[in-house]
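Down below is the structure, laid out as structure tokens.
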Amino acid sequence: MKKALITGITGQDGFYLAKFLVGKGYEVYGMYRRSSLDIGERIDEIINEIHLLDGDITDFASIIRILQEVNPDEVYNLAAQSFVPASWTEPLATAEMTGVGVLNILEAIRLTNKKIKFYQASSSEMFGKVQEIPQKETTPFYPRSPYGVAKVYAYWITKNYRESYGIHASNGILFNHESPKRGKQFVTRKITHCVAKVKLGLLDCLEIGNLDAKRDWGYAEDYVEAMWLMLQQDQPDDFVISTGETHSVREFIEEAFRVIGMNIIWFGEGLNEVGKFGEKVVVKINPKFCRLVEVDLLLGDSSKAKKELGWTPKTKFKELVAMMVNSDLKLISEGIKTNYAEMKR
Ligand code: NAP
Ligand code: G4F
């Protein structure tokens with residue numbers, strides 16, 4: 001039985017990857033940070049099928065302890081401060097977690113067992129102010145946030161440990177991927193959660209930032225398979241994982257409202273633009289959700305992953321939006337705890 005260690009097990013991807021690896025017959029170990037709150041919310045349904053170990057990727061000692069205890073065949077590093085706006089308010093913590101944390105893991109692998117295969121959760125945010133459309137493995141990086149800059153460091157240190165020490169270390173350059181398990185401060189889940197509340201009469205209006213930013217949105221469950229495939233290759237390498245379609249925040253909102261039977265129409269311009277259903281304003285702009293600098297357009301070309309890994313995305317944009325809206329409708333109407341405070345960020 002192969003053993004896999006997942007950092008960031010309590011996050012969106014941690015859940016889907018753990019579920020996928022358990023399904024493949026792996027013994028799965030997850031690293032989680034000690035918290036004053038219950039850590040189980042996302043991983044509840046698989047908690048009895050995995051082993052949890054407390055540690056922090058900024059704490060080198062805890063990584064060494066866990067590697068010695070588990071001796072995994074594969075390590076998937078999903079842990080990061082992953083919310084882009086928080087990287088401006090907490091730039092040093094972001095650099096430590098999202099950047100240097102990766103070096104901690106690689107160094108721990110080098111010291112304990114160089115045969116461990118390593119996956120790094122790299123990001124399309126590294127392309128930032130895009131130098132080419134679509135973006136592929138050879139597109140130059142131009143990060144636009146402290147988060148993006150930290151991910152560029154993490155990308156290069158992963159590549160460097162591969163070249164310097166022969167470690168099987170791969171970067172998955174994943175474009176945005178979403179699901180019903182997505183954190184509620186990210187735009188897709190914020191939209192689907194608010195739209196569900198509007199439908200249930202619990203909220204009048206969705207407050208949003210830049211309507212015209214475009215993203216290549218895929219489904220997280222499809223994307224974790226690509227992570228695993230990268231570590232099954234004879235040689236480590238770097239791969240773009242994306243759908244090859246881009247949509248604006250505006251289109252995501254329109255589609256989410258369509259799922260609940262509301263066709264919204266836009267009026268006005270700039271900060272005064274509103275989305276209306278009949279006479280009722282159901283979307284308005286709040287500048288506090290706009291960024292210091294923006295990543296305007298992401299669109300990935302994952303033909304290398306298709307050719308070399310045999311990976312393709314399965315879930316289409318409209319299916320993803322419907323899945324997320326319907327899940328939020330169910331969660332809210334069943335009265336499952338939701339955290340509105342998170343959306344105020
Ligand atoms: P997420 O839901 O925010 O999960 C992040 C995970 O990292 C959480 O389990 C979090 O723990 C953990 N974590 C944060 N700091 C840590 C630390 N110092 N030590 C140990 N664990 C720590 O993110 P995600 O969407 O699943 O994304 C997974 C990874 O892929 C991240 O590295 C992200 O940057 C990257 N990525 C994501 C996307 C995307 O669209 N989702 C695209 C490209 C790359 P807590 O629960 O305690 O906070
Ligand atoms: O959902 P977002 O916060 O995701 P973002 O910034 O693209 O980052 C996500 O994807 C990256 C991959 O490219 C990951 F590496 C990263 O960890 C994270 O998972 O914002 C998407 C877009 C942005 O352009 C933002 O300005 O939506 C725009 N937006 C408009 N109104 C908003 C809002 N974003 C948020 N979070 N909240 C808003 O109200």
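Residue numbers start at 1 in each chain; chains themselves are named A, B, ... in the order of the structure tokens; ligands are numbered from 1 in the order shown.
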Excluding same-chain residues fewer than 6 positions from Val152 of chain A, what lies within 12 Å of it counting only C-alpha atoms, as a ChimeraX atom specification? /A:95,98-100,102,120-128,140-146,158-159,171,173
Contacts of segment 239-244 of chain A at 7 Å (only C-alpha atoms; same-chain gap of 6+ positions) as a count of residues only: 17
Please compute the atom CA of Pro85 of chain A-atom CA of Gln185 of chain A distance, one decimal, in Å.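 A separation of 9.9 Å between them.
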Top pick for closest residue to ligand 1, considering A:Ser87, A:Asn272, A:Asn210, A:Asn176 and counting only C-alpha atoms and all ligand atoms: A:Asn176
Counting only C-alpha atoms and all ligand atoms, which protein, DNA or RNA residues come within 7 Å of ligand 2, given as a list in words? Ser82, Phe83, Val84, Ser123, Ser124, Glu125, Leu174, Phe175, Asn176, Gln185, Phe186, Val187, Thr188, Lys190, Glu207, Ile208, Gly209, Asn210, Leu211, Ala213, Lys214, Arg215, Val249, Phe289, Cys290, Arg291, Glu294, Val295 and Asp296 of chain A
From the set A:Glu49, A:Glu308, A:Asp222, A:Glu163, which residue has the shortest atom-to-atom contact distance to ligand 1, counting only C-alpha atoms and all ligand atoms? A:Asp222
Could you give me the residues within segment 5-208 of chain A that DSSP places in strand (DSSP E), as a VMD selection string? chain A and resid 5 to 7 27 to 32 51 to 54 74 to 77 117 to 123 169 to 174 177 to 178 206 to 208
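One distance worth recording is that between atom CA of Lys197 of chain A and atom CA of Val325 of chain A, which is 9.9 Å.
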Got a sec to tell me which of segment 160-216 of chain A DSSP assigns to helix (DSSP H, G or I), as a PDB file with all heavy atoms, in the first residue's frame?
```pdb
ATOM      1  N   ASN A 160      14.495  23.860  -8.789  1.00  0.00           N
ATOM      2  CA  ASN A 160      15.896  23.844  -8.400  1.00  0.00           C
ATOM      3  C   ASN A 160      16.266  22.575  -7.627  1.00  0.00           C
ATOM      4  O   ASN A 160      17.331  21.984  -7.846  1.00  0.00           O
ATOM      5  CB  ASN A 160      16.212  25.096  -7.577  1.00  0.00           C
ATOM      6  CG  ASN A 160      17.671  25.145  -7.192  1.00  0.00           C
ATOM      7  OD1 ASN A 160      18.044  24.721  -6.105  1.00  0.00           O
ATOM      8  ND2 ASN A 160      18.510  25.605  -8.111  1.00  0.00           N
ATOM      9  N   TYR A 161      15.380  22.138  -6.725  1.00  0.00           N
ATOM     10  CA  TYR A 161      15.680  20.902  -5.975  1.00  0.00           C
ATOM     11  C   TYR A 161      15.635  19.682  -6.895  1.00  0.00           C
ATOM     12  O   TYR A 161      16.336  18.703  -6.673  1.00  0.00           O
ATOM     13  CB  TYR A 161      14.732  20.752  -4.769  1.00  0.00           C
ATOM     14  CG  TYR A 161      15.357  21.364  -3.519  1.00  0.00           C
ATOM     15  CD1 TYR A 161      15.736  22.699  -3.500  1.00  0.00           C
ATOM     16  CD2 TYR A 161      15.606  20.593  -2.378  1.00  0.00           C
ATOM     17  CE1 TYR A 161      16.333  23.266  -2.385  1.00  0.00           C
ATOM     18  CE2 TYR A 161      16.204  21.147  -1.260  1.00  0.00           C
ATOM     19  CZ  TYR A 161      16.563  22.490  -1.273  1.00  0.00           C
ATOM     20  OH  TYR A 161      17.166  23.027  -0.174  1.00  0.00           O
ATOM     21  N   ARG A 162      14.820  19.757  -7.909  1.00  0.00           N
ATOM     22  CA  ARG A 162      14.788  18.679  -8.912  1.00  0.00           C
ATOM     23  C   ARG A 162      16.146  18.610  -9.613  1.00  0.00           C
ATOM     24  O   ARG A 162      16.752  17.549  -9.735  1.00  0.00           O
ATOM     25  CB  ARG A 162      13.666  18.990  -9.894  1.00  0.00           C
ATOM     26  CG  ARG A 162      13.615  18.131 -11.104  1.00  0.00           C
ATOM     27  CD  ARG A 162      12.223  18.261 -11.715  1.00  0.00           C
ATOM     28  NE  ARG A 162      12.153  19.259 -12.757  1.00  0.00           N
ATOM     29  CZ  ARG A 162      11.076  20.014 -13.007  1.00  0.00           C
ATOM     30  NH1 ARG A 162      10.001  19.951 -12.240  1.00  0.00           N
ATOM     31  NH2 ARG A 162      11.070  20.867 -14.000  1.00  0.00           N
ATOM     32  N   GLU A 163      16.622  19.788 -10.050  1.00  0.00           N
ATOM     33  CA  GLU A 163      17.874  19.813 -10.821  1.00  0.00           C
ATOM     34  C   GLU A 163      19.096  19.606  -9.925  1.00  0.00           C
ATOM     35  O   GLU A 163      20.056  18.937 -10.306  1.00  0.00           O
ATOM     36  CB  GLU A 163      17.976  21.140 -11.591  1.00  0.00           C
ATOM     37  CG  GLU A 163      16.927  21.223 -12.698  1.00  0.00           C
ATOM     38  CD  GLU A 163      16.843  22.588 -13.376  1.00  0.00           C
ATOM     39  OE1 GLU A 163      17.626  23.490 -13.018  1.00  0.00           O
ATOM     40  OE2 GLU A 163      15.979  22.750 -14.265  1.00  0.00           O
ATOM     41  N   SER A 164      19.076  20.180  -8.714  1.00  0.00           N
ATOM     42  CA  SER A 164      20.257  20.096  -7.845  1.00  0.00           C
ATOM     43  C   SER A 164      20.424  18.720  -7.218  1.00  0.00           C
ATOM     44  O   SER A 164      21.532  18.218  -7.091  1.00  0.00           O
ATOM     45  CB  SER A 164      20.160  21.111  -6.698  1.00  0.00           C
ATOM     46  OG  SER A 164      19.994  22.415  -7.196  1.00  0.00           O
ATOM     47  N   TYR A 165      19.296  18.120  -6.783  1.00  0.00           N
ATOM     48  CA  TYR A 165      19.410  16.891  -5.973  1.00  0.00           C
ATOM     49  C   TYR A 165      18.738  15.686  -6.622  1.00  0.00           C
ATOM     50  O   TYR A 165      18.665  14.619  -6.010  1.00  0.00           O
ATOM     51  CB  TYR A 165      18.789  17.125  -4.583  1.00  0.00           C
ATOM     52  CG  TYR A 165      19.428  18.292  -3.850  1.00  0.00           C
ATOM     53  CD1 TYR A 165      18.719  19.470  -3.623  1.00  0.00           C
ATOM     54  CD2 TYR A 165      20.755  18.223  -3.408  1.00  0.00           C
ATOM     55  CE1 TYR A 165      19.302  20.540  -2.965  1.00  0.00           C
ATOM     56  CE2 TYR A 165      21.351  19.298  -2.753  1.00  0.00           C
ATOM     57  CZ  TYR A 165      20.614  20.452  -2.543  1.00  0.00           C
ATOM     58  OH  TYR A 165      21.203  21.511  -1.903  1.00  0.00           O
ATOM     59  N   VAL A 187     -14.360  34.271  -5.254  1.00  0.00           N
ATOM     60  CA  VAL A 187     -15.501  34.909  -5.919  1.00  0.00           C
ATOM     61  C   VAL A 187     -16.606  33.937  -6.326  1.00  0.00           C
ATOM     62  O   VAL A 187     -17.789  34.250  -6.203  1.00  0.00           O
ATOM     63  CB  VAL A 187     -15.014  35.792  -7.106  1.00  0.00           C
ATOM     64  CG1 VAL A 187     -14.661  34.959  -8.335  1.00  0.00           C
ATOM     65  CG2 VAL A 187     -16.050  36.832  -7.445  1.00  0.00           C
ATOM     66  N   THR A 188     -16.247  32.745  -6.818  1.00  0.00           N
ATOM     67  CA  THR A 188     -17.285  31.827  -7.311  1.00  0.00           C
ATOM     68  C   THR A 188     -18.228  31.398  -6.188  1.00  0.00           C
ATOM     69  O   THR A 188     -19.440  31.462  -6.307  1.00  0.00           O
ATOM     70  CB  THR A 188     -16.652  30.559  -7.914  1.00  0.00           C
ATOM     71  OG1 THR A 188     -15.798  29.973  -6.914  1.00  0.00           O
ATOM     72  CG2 THR A 188     -15.850  30.885  -9.161  1.00  0.00           C
ATOM     73  N   ARG A 189     -17.621  30.969  -5.079  1.00  0.00           N
ATOM     74  CA  ARG A 189     -18.449  30.474  -3.963  1.00  0.00           C
ATOM     75  C   ARG A 189     -19.190  31.629  -3.308  1.00  0.00           C
ATOM     76  O   ARG A 189     -20.335  31.472  -2.849  1.00  0.00           O
ATOM     77  CB  ARG A 189     -17.555  29.742  -2.954  1.00  0.00           C
ATOM     78  CG  ARG A 189     -18.305  29.145  -1.788  1.00  0.00           C
ATOM     79  CD  ARG A 189     -19.025  27.840  -2.130  1.00  0.00           C
ATOM     80  NE  ARG A 189     -20.032  27.459  -1.149  1.00  0.00           N
ATOM     81  CZ  ARG A 189     -19.790  26.967   0.059  1.00  0.00           C
ATOM     82  NH1 ARG A 189     -18.539  26.738   0.437  1.00  0.00           N
ATOM     83  NH2 ARG A 189     -20.771  26.679   0.891  1.00  0.00           N
ATOM     84  N   LYS A 190     -18.546  32.800  -3.272  1.00  0.00           N
ATOM     85  CA  LYS A 190     -19.250  33.965  -2.730  1.00  0.00           C
ATOM     86  C   LYS A 190     -20.519  34.208  -3.547  1.00  0.00           C
ATOM     87  O   LYS A 190     -21.596  34.428  -3.009  1.00  0.00           O
ATOM     88  CB  LYS A 190     -18.318  35.187  -2.780  1.00  0.00           C
ATOM     89  CG  LYS A 190     -19.004  36.476  -2.366  1.00  0.00           C
ATOM     90  CD  LYS A 190     -18.030  37.634  -2.349  1.00  0.00           C
ATOM     91  CE  LYS A 190     -18.751  38.949  -2.196  1.00  0.00           C
ATOM     92  NZ  LYS A 190     -17.814  40.083  -2.074  1.00  0.00           N
ATOM     93  N   ILE A 191     -20.384  34.129  -4.868  1.00  0.00           N
ATOM     94  CA  ILE A 191     -21.544  34.353  -5.739  1.00  0.00           C
ATOM     95  C   ILE A 191     -22.607  33.276  -5.511  1.00  0.00           C
ATOM     96  O   ILE A 191     -23.777  33.586  -5.292  1.00  0.00           O
ATOM     97  CB  ILE A 191     -21.115  34.382  -7.232  1.00  0.00           C
ATOM     98  CG1 ILE A 191     -20.196  35.577  -7.509  1.00  0.00           C
ATOM     99  CG2 ILE A 191     -22.337  34.412  -8.151  1.00  0.00           C
ATOM    100  CD1 ILE A 191     -19.469  35.524  -8.856  1.00  0.00           C
ATOM    101  N   THR A 192     -22.200  32.017  -5.545  1.00  0.00           N
ATOM    102  CA  THR A 192     -23.228  30.959  -5.468  1.00  0.00           C
ATOM    103  C   THR A 192     -23.910  30.964  -4.103  1.00  0.00           C
ATOM    104  O   THR A 192     -25.115  30.733  -4.003  1.00  0.00           O
ATOM    105  CB  THR A 192     -22.646  29.556  -5.786  1.00  0.00           C
ATOM    106  OG1 THR A 192     -21.627  29.214  -4.825  1.00  0.00           O
ATOM    107  CG2 THR A 192     -22.058  29.510  -7.179  1.00  0.00           C
ATOM    108  N   HIS A 193     -23.134  31.269  -3.065  1.00  0.00           N
ATOM    109  CA  HIS A 193     -23.697  31.321  -1.713  1.00  0.00           C
ATOM    110  C   HIS A 193     -24.700  32.470  -1.601  1.00  0.00           C
ATOM    111  O   HIS A 193     -25.804  32.299  -1.060  1.00  0.00           O
ATOM    112  CB  HIS A 193     -22.536  31.501  -0.730  1.00  0.00           C
ATOM    113  CG  HIS A 193     -22.936  31.392   0.697  1.00  0.00           C
ATOM    114  ND1 HIS A 193     -23.263  30.204   1.286  1.00  0.00           N
ATOM    115  CD2 HIS A 193     -23.056  32.341   1.653  1.00  0.00           C
ATOM    116  CE1 HIS A 193     -23.573  30.409   2.543  1.00  0.00           C
ATOM    117  NE2 HIS A 193     -23.461  31.708   2.805  1.00  0.00           N
ATOM    118  N   CYS A 194     -24.340  33.642  -2.129  1.00  0.00           N
ATOM    119  CA  CYS A 194     -25.237  34.809  -2.066  1.00  0.00           C
ATOM    120  C   CYS A 194     -26.468  34.595  -2.939  1.00  0.00           C
ATOM    121  O   CYS A 194     -27.582  34.948  -2.541  1.00  0.00           O
ATOM    122  CB  CYS A 194     -24.506  36.083  -2.495  1.00  0.00           C
ATOM    123  SG  CYS A 194     -23.345  36.658  -1.255  1.00  0.00           S
ATOM    124  N   VAL A 195     -26.274  34.025  -4.129  1.00  0.00           N
ATOM    125  CA  VAL A 195     -27.407  33.783  -5.026  1.00  0.00           C
ATOM    126  C   VAL A 195     -28.400  32.822  -4.351  1.00  0.00           C
ATOM    127  O   VAL A 195     -29.622  33.032  -4.397  1.00  0.00           O
ATOM    128  CB  VAL A 195     -26.909  33.253  -6.396  1.00  0.00           C
ATOM    129  CG1 VAL A 195     -28.038  32.643  -7.211  1.00  0.00           C
ATOM    130  CG2 VAL A 195     -26.238  34.378  -7.175  1.00  0.00           C
ATOM    131  N   ALA A 196     -27.881  31.807  -3.696  1.00  0.00           N
ATOM    132  CA  ALA A 196     -28.768  30.870  -2.975  1.00  0.00           C
ATOM    133  C   ALA A 196     -29.522  31.615  -1.875  1.00  0.00           C
ATOM    134  O   ALA A 196     -30.727  31.384  -1.672  1.00  0.00           O
ATOM    135  CB  ALA A 196     -27.950  29.721  -2.398  1.00  0.00           C
ATOM    136  N   LYS A 197     -28.842  32.525  -1.198  1.00  0.00           N
ATOM    137  CA  LYS A 197     -29.520  33.294  -0.139  1.00  0.00           C
ATOM    138  C   LYS A 197     -30.593  34.221  -0.711  1.00  0.00           C
ATOM    139  O   LYS A 197     -31.645  34.404  -0.117  1.00  0.00           O
ATOM    140  CB  LYS A 197     -28.496  34.116   0.644  1.00  0.00           C
ATOM    141  CG  LYS A 197     -27.713  33.293   1.654  1.00  0.00           C
ATOM    142  CD  LYS A 197     -26.929  34.190   2.583  1.00  0.00           C
ATOM    143  CE  LYS A 197     -26.657  33.473   3.895  1.00  0.00           C
ATOM    144  NZ  LYS A 197     -25.889  34.267   4.827  1.00  0.00           N
ATOM    145  N   VAL A 198     -30.308  34.801  -1.883  1.00  0.00           N
ATOM    146  CA  VAL A 198     -31.308  35.657  -2.536  1.00  0.00           C
ATOM    147  C   VAL A 198     -32.540  34.811  -2.849  1.00  0.00           C
ATOM    148  O   VAL A 198     -33.679  35.186  -2.557  1.00  0.00           O
ATOM    149  CB  VAL A 198     -30.739  36.314  -3.819  1.00  0.00           C
ATOM    150  CG1 VAL A 198     -31.834  36.984  -4.637  1.00  0.00           C
ATOM    151  CG2 VAL A 198     -29.637  37.318  -3.466  1.00  0.00           C
ATOM    152  N   LYS A 199     -32.319  33.642  -3.413  1.00  0.00           N
ATOM    153  CA  LYS A 199     -33.430  32.743  -3.776  1.00  0.00           C
ATOM    154  C   LYS A 199     -34.276  32.387  -2.546  1.00  0.00           C
ATOM    155  O   LYS A 199     -35.501  32.317  -2.617  1.00  0.00           O
ATOM    156  CB  LYS A 199     -32.849  31.461  -4.401  1.00  0.00           C
ATOM    157  CG  LYS A 199     -33.828  30.338  -4.637  1.00  0.00           C
ATOM    158  CD  LYS A 199     -34.720  30.605  -5.831  1.00  0.00           C
ATOM    159  CE  LYS A 199     -35.666  29.455  -6.092  1.00  0.00           C
ATOM    160  NZ  LYS A 199     -36.659  29.801  -7.109  1.00  0.00           N
TER     161      LYS A 199
END
```
A:Gln235, A:Gln135, A:Gln68, A:Asn77: which is nearest ligand 1, counting only C-alpha atoms and all ligand atoms? A:Asn77
Please compute the atom CA of Glu255 of chain A-atom CA of Thr312 of chain A distance, one decimal, in Å.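 Separating atom CA of Glu255 of chain A from atom CA of Thr312 of chain A is a distance of 23.5 Å.
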Do you know which residues are at most 12 Å from Leu231 of chain A counting only C-alpha atoms, after dropping those on the same chain fewer than 6 positions away, and could you put them as a list in words? Ala4, Asp73, Glu74, Val75, Tyr76, Lys115, Ile116, Lys117, Phe118, Tyr119, Gln120, Ile167, His168, Ala169, Ser170, Asn171, Gly172, Val224, Glu225, Asp237, Asp238, Phe239 and Leu309 of chain A
Take the selection from the previous step and output its residues with N, CA and C atoms, as a PDB file, in the first residue's frame.
```pdb
ATOM      1  N   ALA A   4       0.731   8.385   1.100  1.00  0.00           N
ATOM      2  CA  ALA A   4       0.808   9.770   0.616  1.00  0.00           C
ATOM      3  C   ALA A   4       0.594  10.715   1.787  1.00  0.00           C
ATOM      4  N   ASP A  73       5.593   7.732   0.340  1.00  0.00           N
ATOM      5  CA  ASP A  73       6.121   7.587  -1.024  1.00  0.00           C
ATOM      6  C   ASP A  73       5.944   8.897  -1.782  1.00  0.00           C
ATOM      7  N   GLU A  74       4.848   9.588  -1.481  1.00  0.00           N
ATOM      8  CA  GLU A  74       4.516  10.819  -2.218  1.00  0.00           C
ATOM      9  C   GLU A  74       4.096  11.916  -1.238  1.00  0.00           C
ATOM     10  N   VAL A  75       4.549  13.141  -1.511  1.00  0.00           N
ATOM     11  CA  VAL A  75       4.110  14.299  -0.719  1.00  0.00           C
ATOM     12  C   VAL A  75       3.447  15.294  -1.665  1.00  0.00           C
ATOM     13  N   TYR A  76       2.229  15.681  -1.342  1.00  0.00           N
ATOM     14  CA  TYR A  76       1.493  16.690  -2.118  1.00  0.00           C
ATOM     15  C   TYR A  76       1.433  17.950  -1.271  1.00  0.00           C
ATOM     16  N   LYS A 115      14.036   9.861  -2.156  1.00  0.00           N
ATOM     17  CA  LYS A 115      13.208   9.096  -3.112  1.00  0.00           C
ATOM     18  C   LYS A 115      11.733   9.502  -3.058  1.00  0.00           C
ATOM     19  N   ILE A 116      11.371  10.320  -2.045  1.00  0.00           N
ATOM     20  CA  ILE A 116       9.976  10.772  -1.947  1.00  0.00           C
ATOM     21  C   ILE A 116       9.643  11.619  -3.173  1.00  0.00           C
ATOM     22  N   LYS A 117       8.493  11.342  -3.779  1.00  0.00           N
ATOM     23  CA  LYS A 117       8.042  12.161  -4.922  1.00  0.00           C
ATOM     24  C   LYS A 117       7.248  13.353  -4.394  1.00  0.00           C
ATOM     25  N   PHE A 118       7.485  14.517  -4.997  1.00  0.00           N
ATOM     26  CA  PHE A 118       6.925  15.766  -4.450  1.00  0.00           C
ATOM     27  C   PHE A 118       6.094  16.502  -5.490  1.00  0.00           C
ATOM     28  N   TYR A 119       4.889  16.914  -5.079  1.00  0.00           N
ATOM     29  CA  TYR A 119       4.021  17.739  -5.925  1.00  0.00           C
ATOM     30  C   TYR A 119       3.893  19.125  -5.308  1.00  0.00           C
ATOM     31  N   GLN A 120       4.132  20.168  -6.093  1.00  0.00           N
ATOM     32  CA  GLN A 120       3.950  21.539  -5.624  1.00  0.00           C
ATOM     33  C   GLN A 120       2.741  22.171  -6.317  1.00  0.00           C
ATOM     34  N   ILE A 167      15.633  15.184  -7.055  1.00  0.00           N
ATOM     35  CA  ILE A 167      14.362  14.810  -6.413  1.00  0.00           C
ATOM     36  C   ILE A 167      13.245  14.825  -7.467  1.00  0.00           C
ATOM     37  N   HIS A 168      12.346  13.834  -7.376  1.00  0.00           N
ATOM     38  CA  HIS A 168      11.199  13.772  -8.289  1.00  0.00           C
ATOM     39  C   HIS A 168      10.197  14.829  -7.816  1.00  0.00           C
ATOM     40  N   ALA A 169      10.408  16.083  -8.267  1.00  0.00           N
ATOM     41  CA  ALA A 169       9.587  17.210  -7.807  1.00  0.00           C
ATOM     42  C   ALA A 169       8.934  17.871  -9.009  1.00  0.00           C
ATOM     43  N   SER A 170       7.601  17.974  -8.984  1.00  0.00           N
ATOM     44  CA  SER A 170       6.858  18.519 -10.131  1.00  0.00           C
ATOM     45  C   SER A 170       5.983  19.683  -9.705  1.00  0.00           C
ATOM     46  N   ASN A 171       5.839  20.643 -10.625  1.00  0.00           N
ATOM     47  CA  ASN A 171       4.913  21.753 -10.411  1.00  0.00           C
ATOM     48  C   ASN A 171       3.665  21.529 -11.240  1.00  0.00           C
ATOM     49  N   GLY A 172       2.511  21.554 -10.587  1.00  0.00           N
ATOM     50  CA  GLY A 172       1.241  21.618 -11.317  1.00  0.00           C
ATOM     51  C   GLY A 172       0.834  23.081 -11.343  1.00  0.00           C
ATOM     52  N   VAL A 224      -7.566  17.235  -9.225  1.00  0.00           N
ATOM     53  CA  VAL A 224      -6.681  16.456  -8.332  1.00  0.00           C
ATOM     54  C   VAL A 224      -6.139  15.212  -9.033  1.00  0.00           C
ATOM     55  N   GLU A 225      -6.867  14.717 -10.014  1.00  0.00           N
ATOM     56  CA  GLU A 225      -6.357  13.549 -10.763  1.00  0.00           C
ATOM     57  C   GLU A 225      -5.041  13.917 -11.467  1.00  0.00           C
ATOM     58  N   ASP A 237       8.213  16.821 -13.936  1.00  0.00           N
ATOM     59  CA  ASP A 237       8.091  17.901 -14.931  1.00  0.00           C
ATOM     60  C   ASP A 237       7.041  18.899 -14.440  1.00  0.00           C
ATOM     61  N   ASP A 238       6.819  19.938 -15.229  1.00  0.00           N
ATOM     62  CA  ASP A 238       5.850  20.977 -14.857  1.00  0.00           C
ATOM     63  C   ASP A 238       4.720  21.004 -15.894  1.00  0.00           C
ATOM     64  N   PHE A 239       3.481  21.132 -15.398  1.00  0.00           N
ATOM     65  CA  PHE A 239       2.322  21.043 -16.301  1.00  0.00           C
ATOM     66  C   PHE A 239       1.279  22.106 -15.985  1.00  0.00           C
ATOM     67  N   LEU A 309       0.203  13.305 -19.954  1.00  0.00           N
ATOM     68  CA  LEU A 309      -0.427  12.664 -18.793  1.00  0.00           C
ATOM     69  C   LEU A 309      -1.729  11.961 -19.182  1.00  0.00           C
TER      70      LEU A 309
END
```
Which residues are close to segment 8-14 of chain A, i.e. within 9 Å by only C-alpha atoms, leaving aside same-chain residues fewer than 5 positions away? Reply as a list in words.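 The neighbour list is Lys19, Tyr29, Gly30, Met31, Tyr32, Arg33, Ile39, Gly40, Glu41, Arg42, Ile43, Leu52, Tyr76, Asn77, Leu78, Ala79, Ala80, His177, Glu178, Ser179, Pro180, Lys181, Arg182, Gly183, Ala220, Glu221, Tyr223 and Val224 of chain A.
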Residues within 7 Å of Lys3 of chain A, please, as a count of residues only. Count only C-alpha atoms; anything in the same chain fewer than 2 positions from it doesn't count. 8
Nearest-residue call for ligand 1, choices A:Asp56, A:Glu245, A:Glu45, A:Asp38, using only C-alpha atoms and all ligand atoms: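 The answer is A:Asp56, which sits nearest to ligand 1.
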